[in-house]
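Next comes target_14.cif, a file with mmCIF, C-alpha atoms.
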data_input
loop_
_atom_site.label_atom_id
_atom_site.label_comp_id
_atom_site.auth_asym_id
_atom_site.auth_seq_id
_atom_site.Cartn_x
_atom_site.Cartn_y
_atom_site.Cartn_z
CA MET A 1470 5.76 -34.26 49.93
CA GLY A 1471 9.31 -34.60 48.71
CA PHE A 1472 11.77 -37.02 47.20
CA GLN A 1473 11.73 -40.67 48.21
CA GLY A 1474 15.31 -41.42 47.12
CA ASN A 1475 18.28 -42.51 49.25
CA GLY A 1476 21.10 -42.20 46.73
CA VAL A 1477 22.31 -42.04 43.13
CA THR A 1478 22.79 -44.93 40.73
CA VAL A 1479 25.30 -44.16 37.97
CA LEU A 1480 24.90 -46.23 34.81
CA ASN A 1481 28.13 -46.61 32.89
CA PHE A 1482 27.25 -47.16 29.23
CA ASP A 1483 29.97 -44.96 27.77
CA GLY A 1484 32.21 -43.50 30.50
CA THR A 1485 30.76 -39.99 30.40
CA TYR A 1486 30.38 -39.61 34.17
CA ARG A 1487 33.91 -40.45 35.33
CA PRO A 1488 35.24 -36.88 34.85
CA GLN A 1489 32.21 -35.36 36.66
CA LYS A 1490 33.76 -35.52 40.13
CA ARG A 1491 31.17 -33.27 41.80
CA LEU A 1492 28.55 -35.99 41.39
CA PHE A 1493 30.43 -38.31 43.72
CA CYS A 1494 29.63 -36.22 46.81
CA PHE A 1495 26.19 -37.87 46.79
CA PRO A 1496 25.78 -41.44 48.12
CA HIS A 1497 26.16 -43.44 44.93
CA GLU A 1498 26.90 -46.75 43.27
CA TRP A 1499 27.99 -47.69 39.76
CA ILE A 1500 26.41 -50.21 37.44
CA ASP A 1501 28.69 -51.07 34.54
CA LEU A 1502 26.80 -51.63 31.27
CA ALA A 1503 29.58 -50.91 28.78
CA ASP A 1504 29.93 -54.60 27.97
CA VAL A 1505 26.27 -55.07 27.01
CA PRO A 1506 25.93 -55.10 23.18
CA GLU A 1507 23.02 -53.74 21.12
CA THR A 1508 22.15 -50.84 23.42
CA ASN A 1509 22.90 -47.66 21.44
CA LEU A 1510 19.70 -45.87 20.29
CA TYR A 1511 17.81 -49.16 19.84
CA CYS A 1512 17.92 -51.87 22.49
CA SER A 1513 17.52 -55.56 21.70
CA GLU A 1514 15.28 -57.73 23.86
CA ALA A 1515 18.31 -59.62 25.22
CA ALA A 1516 20.12 -56.39 26.11
CA LEU A 1517 17.02 -54.94 27.77
CA ALA A 1518 16.66 -58.08 29.91
CA GLU A 1519 20.33 -57.88 30.94
CA ILE A 1520 20.04 -54.18 31.86
CA GLU A 1521 16.94 -54.96 33.92
CA ARG A 1522 18.76 -57.80 35.71
CA ARG A 1523 21.64 -55.52 36.71
CA LEU A 1524 19.30 -52.71 37.79
CA ARG A 1525 17.47 -55.06 40.15
CA ARG A 1526 20.70 -55.64 42.08
CA ARG A 1527 21.25 -51.99 42.94
CA ARG A 1528 21.17 -50.90 46.59
CA THR A 1529 20.43 -47.20 46.09
CA ARG A 1530 17.01 -46.07 44.94
CA GLY A 1531 15.85 -42.62 43.95
CA ALA A 1532 18.05 -40.95 41.34
CA VAL A 1533 19.56 -42.61 38.27
CA LEU A 1534 22.14 -41.06 35.94
CA ILE A 1535 21.59 -42.79 32.59
CA GLY A 1536 24.22 -41.22 30.33
CA SER A 1537 23.61 -40.11 26.75
CA GLY A 1538 20.05 -39.55 25.57
CA ASN A 1539 20.66 -42.53 23.29
CA TYR A 1540 19.91 -44.69 26.35
CA HIS A 1541 16.82 -42.84 27.59
CA TYR A 1542 14.76 -46.01 27.10
CA VAL A 1543 16.19 -47.21 30.45
CA THR A 1544 13.50 -45.05 32.04
CA TYR A 1545 10.99 -47.64 30.79
CA LEU A 1546 12.61 -50.26 33.05
CA LEU A 1547 12.72 -47.89 36.02
CA LEU A 1548 9.01 -47.08 35.65
CA ARG A 1549 8.10 -50.76 35.72
CA GLU A 1550 9.56 -51.04 39.23
CA ILE A 1551 6.85 -48.75 40.62
CA SER A 1552 3.98 -50.54 42.35
CA GLU A 1553 1.51 -47.68 42.86
CA PRO A 1554 -0.41 -45.39 40.48
CA PHE A 1555 1.79 -42.53 39.27
CA THR A 1556 2.33 -39.88 36.61
CA LEU A 1557 5.50 -39.59 34.53
CA VAL A 1558 6.67 -35.98 34.25
CA LEU A 1559 9.14 -35.86 31.37
CA PHE A 1560 11.32 -32.81 30.70
CA ASP A 1561 12.48 -33.31 27.12
CA HIS A 1562 12.96 -31.46 23.85
CA HIS A 1563 11.31 -34.46 22.14
CA THR A 1564 8.23 -36.53 23.05
CA ASP A 1565 9.99 -39.93 22.82
CA ALA A 1566 6.54 -41.37 22.03
CA GLU A 1567 6.98 -42.53 18.44
CA GLN A 1568 4.79 -45.37 17.25
CA ASP A 1569 7.19 -47.33 15.06
CA GLU A 1570 6.98 -50.69 13.34
CA SER A 1571 9.96 -52.18 15.14
CA SER A 1572 9.42 -54.35 18.20
CA LEU A 1573 12.66 -52.98 19.64
CA ILE A 1574 12.41 -50.26 22.24
CA SER A 1575 14.39 -47.11 21.43
CA CYS A 1576 15.22 -43.69 22.77
CA GLY A 1577 12.43 -42.33 20.55
CA SER A 1578 9.69 -44.83 21.39
CA TRP A 1579 10.05 -45.76 25.06
CA VAL A 1580 7.18 -43.53 26.24
CA ALA A 1581 4.76 -45.38 23.97
CA HIS A 1582 5.98 -48.67 25.44
CA ALA A 1583 5.73 -47.36 29.01
CA LEU A 1584 2.08 -46.40 28.58
CA GLN A 1585 1.24 -50.09 28.37
CA TYR A 1586 2.13 -50.39 32.07
CA ALA A 1587 -1.09 -50.21 34.13
CA GLN A 1588 0.35 -48.23 37.06
CA LEU A 1589 1.38 -45.38 34.73
CA ARG A 1590 -1.79 -43.30 34.58
CA LYS A 1591 -0.54 -40.21 32.72
CA VAL A 1592 2.50 -38.78 30.94
CA VAL A 1593 3.14 -35.03 31.09
CA ILE A 1594 5.88 -33.84 28.73
CA VAL A 1595 7.35 -30.42 29.44
CA GLY A 1596 9.50 -28.38 27.11
CA PRO A 1597 9.27 -29.44 23.43
CA SER A 1598 9.74 -26.46 21.14
CA PHE A 1599 6.81 -27.45 18.92
CA SER A 1600 3.07 -27.78 19.27
CA PRO A 1601 1.76 -31.34 19.70
CA ARG A 1602 -1.37 -30.68 17.60
CA ASN A 1603 0.01 -32.41 14.52
CA LEU A 1604 1.35 -35.41 16.43
CA ARG A 1605 -0.57 -38.63 16.90
CA LEU A 1606 -0.13 -39.02 20.63
CA SER A 1607 -1.98 -41.13 23.18
CA PRO A 1608 -4.84 -39.34 24.99
CA ASN A 1609 -2.90 -40.15 28.16
CA ILE A 1610 -0.13 -37.74 27.12
CA THR A 1611 -0.26 -34.01 27.79
CA VAL A 1612 2.42 -31.81 26.21
CA PHE A 1613 3.42 -28.36 27.41
CA PRO A 1614 5.48 -26.76 24.60
CA PHE A 1615 8.23 -24.34 25.52
CA ALA A 1616 6.23 -21.48 23.97
CA ASP A 1617 3.70 -21.85 26.80
CA HIS A 1618 6.25 -21.83 29.63
CA ASP A 1619 4.60 -18.91 31.44
CA GLU A 1620 1.59 -21.15 32.11
CA TRP A 1621 3.59 -24.14 33.38
CA PRO A 1622 3.41 -23.79 37.18
CA ASN A 1623 -0.37 -23.94 37.61
CA GLU A 1624 -1.15 -25.96 34.49
CA LEU A 1625 1.54 -28.53 35.25
CA LEU A 1626 0.00 -29.42 38.60
CA LYS A 1627 -3.52 -29.48 37.12
CA ALA A 1628 -2.40 -31.98 34.48
CA ILE A 1629 -1.16 -34.52 37.06
CA PRO A 1630 -4.01 -36.77 38.28
CA THR A 1631 -1.98 -38.73 40.86
CA GLY A 1632 -0.35 -37.89 44.17
CA SER A 1633 2.84 -39.68 43.10
CA VAL A 1634 5.10 -38.78 40.19
CA TYR A 1635 8.28 -40.03 38.55
CA ILE A 1636 10.49 -37.36 36.96
CA SER A 1637 12.66 -38.02 33.91
CA ILE A 1638 14.96 -35.30 32.60
CA ASP A 1639 16.72 -35.22 29.24
CA LYS A 1640 19.09 -32.27 29.31
CA ASP A 1641 18.43 -31.66 25.61
CA VAL A 1642 15.43 -29.68 26.91
CA LEU A 1643 17.93 -27.09 28.14
CA ARG A 1644 19.50 -24.25 26.18
CA ARG A 1645 23.11 -24.57 25.06
CA GLU A 1646 24.25 -22.14 27.75
CA ASP A 1647 23.27 -24.67 30.44
CA ALA A 1648 24.03 -28.08 28.86
CA VAL A 1649 25.62 -29.67 25.80
CA THR A 1650 24.06 -32.82 24.33
CA ASN A 1651 24.39 -34.84 21.13
CA TRP A 1652 20.80 -34.01 20.07
CA ASP A 1653 19.17 -30.77 18.97
CA GLN A 1654 18.37 -28.74 22.06
CA GLY A 1655 15.53 -26.64 23.41
CA MET A 1656 15.51 -23.22 25.05
CA MET A 1657 14.63 -23.93 28.68
CA THR A 1658 16.93 -22.38 31.27
CA LEU A 1659 18.34 -24.48 34.07
CA SER A 1660 16.78 -22.11 36.60
CA ARG A 1661 13.32 -22.71 35.09
CA LEU A 1662 13.83 -26.47 35.19
CA LEU A 1663 14.89 -26.32 38.85
CA ALA A 1664 11.85 -24.18 39.69
CA CYS A 1665 9.58 -26.83 38.15
CA LEU A 1666 11.37 -29.52 40.17
CA ARG A 1667 10.87 -27.61 43.41
CA LEU A 1668 7.18 -27.25 42.57
CA LEU A 1669 6.80 -31.00 42.08
CA LEU A 1670 8.86 -31.83 45.18
CA PHE A 1671 6.69 -29.58 47.31
CA TYR A 1672 3.28 -30.74 46.10
CA LYS A 1673 3.90 -34.36 45.00
CA LYS A 1674 5.44 -37.58 46.26
CA VAL A 1675 8.42 -38.01 43.94
CA LEU A 1676 9.09 -41.73 43.60
CA GLY A 1677 12.22 -41.39 41.50
CA VAL A 1678 14.24 -39.17 39.18
CA ASP A 1679 16.49 -39.94 36.26
CA ILE A 1680 18.75 -37.71 34.18
CA CYS A 1681 20.24 -38.24 30.73
CA GLY A 1682 21.60 -36.04 27.96
CA GLU A 1683 25.35 -36.43 28.43
CA TYR A 1684 27.67 -35.69 25.52
CA PRO A 1685 29.21 -39.05 24.47
CA LYS A 1686 32.96 -39.25 25.05
CA ALA A 1687 33.51 -41.31 21.91
CA VAL A 1688 32.22 -38.62 19.54
CA ILE A 1689 35.49 -36.68 19.48
CA ASP A 1690 38.71 -36.54 21.46
CA VAL A 1691 38.10 -36.05 25.19
CA PHE A 1692 40.40 -33.00 25.28
CA HIS A 1693 38.64 -31.24 22.41
CA PRO A 1694 37.18 -27.87 23.55
CA LEU A 1695 33.63 -29.04 22.82
CA CYS A 1696 34.05 -32.10 25.05
CA LEU A 1697 35.51 -29.98 27.83
CA GLU A 1698 32.65 -27.49 27.52
CA ALA A 1699 30.11 -30.32 27.61
CA GLN A 1700 31.73 -31.94 30.63
CA TRP A 1701 31.76 -28.69 32.64
CA LYS A 1702 28.21 -27.56 31.76
CA ASN A 1703 26.66 -30.99 32.16
CA GLU A 1704 28.37 -31.54 35.50
CA GLN A 1705 27.00 -28.21 36.74
CA ALA A 1706 23.49 -29.07 35.55
CA ASN A 1707 23.56 -32.61 36.96
CA SER A 1708 24.81 -31.37 40.32
CA ALA A 1709 22.15 -28.67 40.52
CA ILE A 1710 19.37 -31.13 39.70
CA LEU A 1711 20.56 -33.67 42.28
CA GLU A 1712 21.09 -30.98 44.90
CA THR A 1713 17.53 -29.77 44.32
CA CYS A 1714 16.11 -33.28 44.63
CA PHE A 1715 17.99 -34.29 47.78
CA ARG A 1716 18.10 -30.96 49.59
CA TYR A 1717 15.39 -28.85 48.08
CA PRO A 1718 14.47 -25.69 50.06
CA GLU A 1719 10.98 -24.74 51.14
CA PHE A 1720 8.95 -24.02 48.01
CA ASP A 1721 9.10 -20.43 46.79
CA SER A 1722 6.56 -19.58 44.08
CA HIS A 1723 8.88 -16.83 42.89
#

Kindly present the structure from the file in structure tokens form.
Amino acid sequence: MGFQGNGVTVLNFDGTYRPQKRLFCFPHEWIDLADVPETNLYCSEAALAEIERRLRRRRTRGAVLIGSGNYHYVTYLLLREISEPFTLVLFDHHTDAEQDESSLISCGSWVAHALQYAQLRKVVIVGPSFSPRNLRLSPNITVFPFADHDEWPNELLKAIPTGSVYISIDKDVLRREDAVTNWDQGMMTLSRLLACLRLLLFYKKVLGVDICGEYPKAVIDVFHPLCLEAQWKNEQANSAILETCFRYPEFDSH
């Protein structure tokens, strides 16, 4: 069915995308959010409302580059724009579905908040390195741990009850050879992630895609070898994901 997007929205929380020049070959626009306080890890109600206000003004719809995984809660706002029943397919090393006491949304709790939205019928999380058996998760969440990756293609489609999906990707699901993030990382290869994307693009109506997991520039000096490694690997991964979404080839089960 394919991707419904017409461009890329780049969110500038921390300046991580400016050196990634390959991303600018896609039709894109910037939304500057660096001046919004109280956004790192936890987001205040006022900050969330301001981010939502700026998102509503964007002209491009389809793919959103969020920045560091610290801001993954922005996906919650993007999901609430959808006006038809859909399934969230989340590629992430973590479930992001914590039930915490705080009323503030965070990068670790946004999935639990999103499940309160009526149009979101199911959440399928792909790639955690642990079994979900000991977690207290909503019955509307299905987790495919990395250990079961050989079963993903068929089981992933069976787990999705809707014809439409939204895809959210945190690059911390990827192995260190393919991306560098500021969180502990999983073991998925970029090629496996892209194969899953092609599967979804072929069989489902993809309403939107977002990507996070950048390495924050402020952690260490921008010319430090780790920052340079992160910039190069993350740019490659981001470009490959966007290329797959906008120009995906005919589905190949192999």

Can you list what the PyMOL selection byres ((chain A and resi 1557-1570) around 6) grabs from this structure, as a list in words?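 Applying the PyMOL selection byres ((chain A and resi 1557-1570) around 6) to the structure shown produces Thr1556, Ser1571, Gly1577, Ser1578, Val1580, Ala1581, Val1592, Val1593, Ile1594, Val1595, Gly1596, Pro1597, Val1634, Tyr1635, Ile1636, Ser1637, Ile1638, Asp1639, Asp1641, Val1642 and Gly1655 of chain A.
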
Find the residues near Asn1481 of chain A: any atom within 9 Å, counting all atoms listed in the file, skip ones fewer than 2 places away on the same chain, and give them as a CSV table (one decimal) with C-alpha atoms, in the coordinates of the input.
chain,number,residue,atom,x,y,z
A,1479,VAL,CA,25.3,-44.2,38.0
A,1483,ASP,CA,30.0,-45.0,27.8
A,1484,GLY,CA,32.2,-43.5,30.5
A,1485,THR,CA,30.8,-40.0,30.4
A,1486,TYR,CA,30.4,-39.6,34.2
A,1487,ARG,CA,33.9,-40.4,35.3
A,1499,TRP,CA,28.0,-47.7,39.8
A,1500,ILE,CA,26.4,-50.2,37.4
A,1501,ASP,CA,28.7,-51.1,34.5
A,1502,LEU,CA,26.8,-51.6,31.3
A,1503,ALA,CA,29.6,-50.9,28.8
A,1534,LEU,CA,22.1,-41.1,35.9
A,1535,ILE,CA,21.6,-42.8,32.6
A,1536,GLY,CA,24.2,-41.2,30.3

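The residue that comes closest to Leu1666 of chain A, out of A:Glu1712, A:Glu1550, A:Asp1504, A:Glu1519 and on the basis of all atoms listed in the file, is A:Glu1712.
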
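Shortest atom-to-atom contact with Ala1616 of chain A among A:Met1657, A:Leu1546, A:Lys1490, A:Arg1526: A:Met1657, counting all atoms listed in the file.
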
Go ahead and find all residues with at least one atom no further than 12 Å from (25.9, -24.8, 29.6) in the file's coordinates, using only C-alpha atoms; report them as number ranges by chain. A: 1640-1650, 1654, 1656-1660, 1683-1684, 1695-1707

Which value, in Å to one decimal, gives the distance between atom CA of Gly1632 of chain A and atom CA of Leu1589 of chain A?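 Answer for the atom CA of Gly1632 of chain A to atom CA of Leu1589 of chain A separation: 12.2 Å.
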
By how many Å are atom CA of Lys1686 of chain A and atom CA of Asn1651 of chain A apart?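 Between atom CA of Lys1686 of chain A and atom CA of Asn1651 of chain A the gap is 10.4 Å.
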
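The coordinates place atom CA of Asn1609 of chain A at 20.8 Å from atom CA of Cys1665 of chain A.
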
Selection result for the PyMOL selection byres ((chain A and resi 1626) around 12) on this file, as a PyMOL selection string: chain A and resi 1556+1558+1593+1595+1611+1613+1620-1625+1627-1634+1665-1666+1668-1673

Which of these, A:Leu1480, A:Val1675, A:Leu1573, A:Ile1680, has the shortest distance to Leu1517 of chain A once you count only C-alpha atoms?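 Of A:Leu1480, A:Val1675, A:Leu1573, A:Ile1680, the one nearest Leu1517 of chain A, counting only C-alpha atoms, is A:Leu1573.
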
So which residues touch Ile1574 of chain A within 10 Å, counting only C-alpha atoms, skipping near sequence neighbours fewer than 6 positions away, as a ChimeraX atom specification? /A:1508,1510-1514,1517,1542-1543,1545,1580-1583

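Distance check against Phe1715 of chain A using all atoms listed in the file: of A:Leu1524, A:Val1678, A:Ile1610, A:Val1505, the minimum falls on A:Val1678.
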
Residues in the PyMOL selection byres ((chain A and resi 1538) around 6), expressed as a PyMOL selection string: chain A and resi 1537+1539-1541+1681-1682

Could the residues in this selection be written to a file with C-alpha atoms, as a JSON list (two decimals), in the frame of the given file?
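In the end it all went to part-v3.json:
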[["chain", "number", "residue", "atom", "x", "y", "z"],
["A", 1537, "SER", "CA", 23.61, -40.11, 26.75],
["A", 1539, "ASN", "CA", 20.66, -42.53, 23.29],
["A", 1540, "TYR", "CA", 19.91, -44.69, 26.35],
["A", 1541, "HIS", "CA", 16.82, -42.84, 27.59],
["A", 1681, "CYS", "CA", 20.24, -38.24, 30.73],
["A", 1682, "GLY", "CA", 21.60, -36.04, 27.96]]
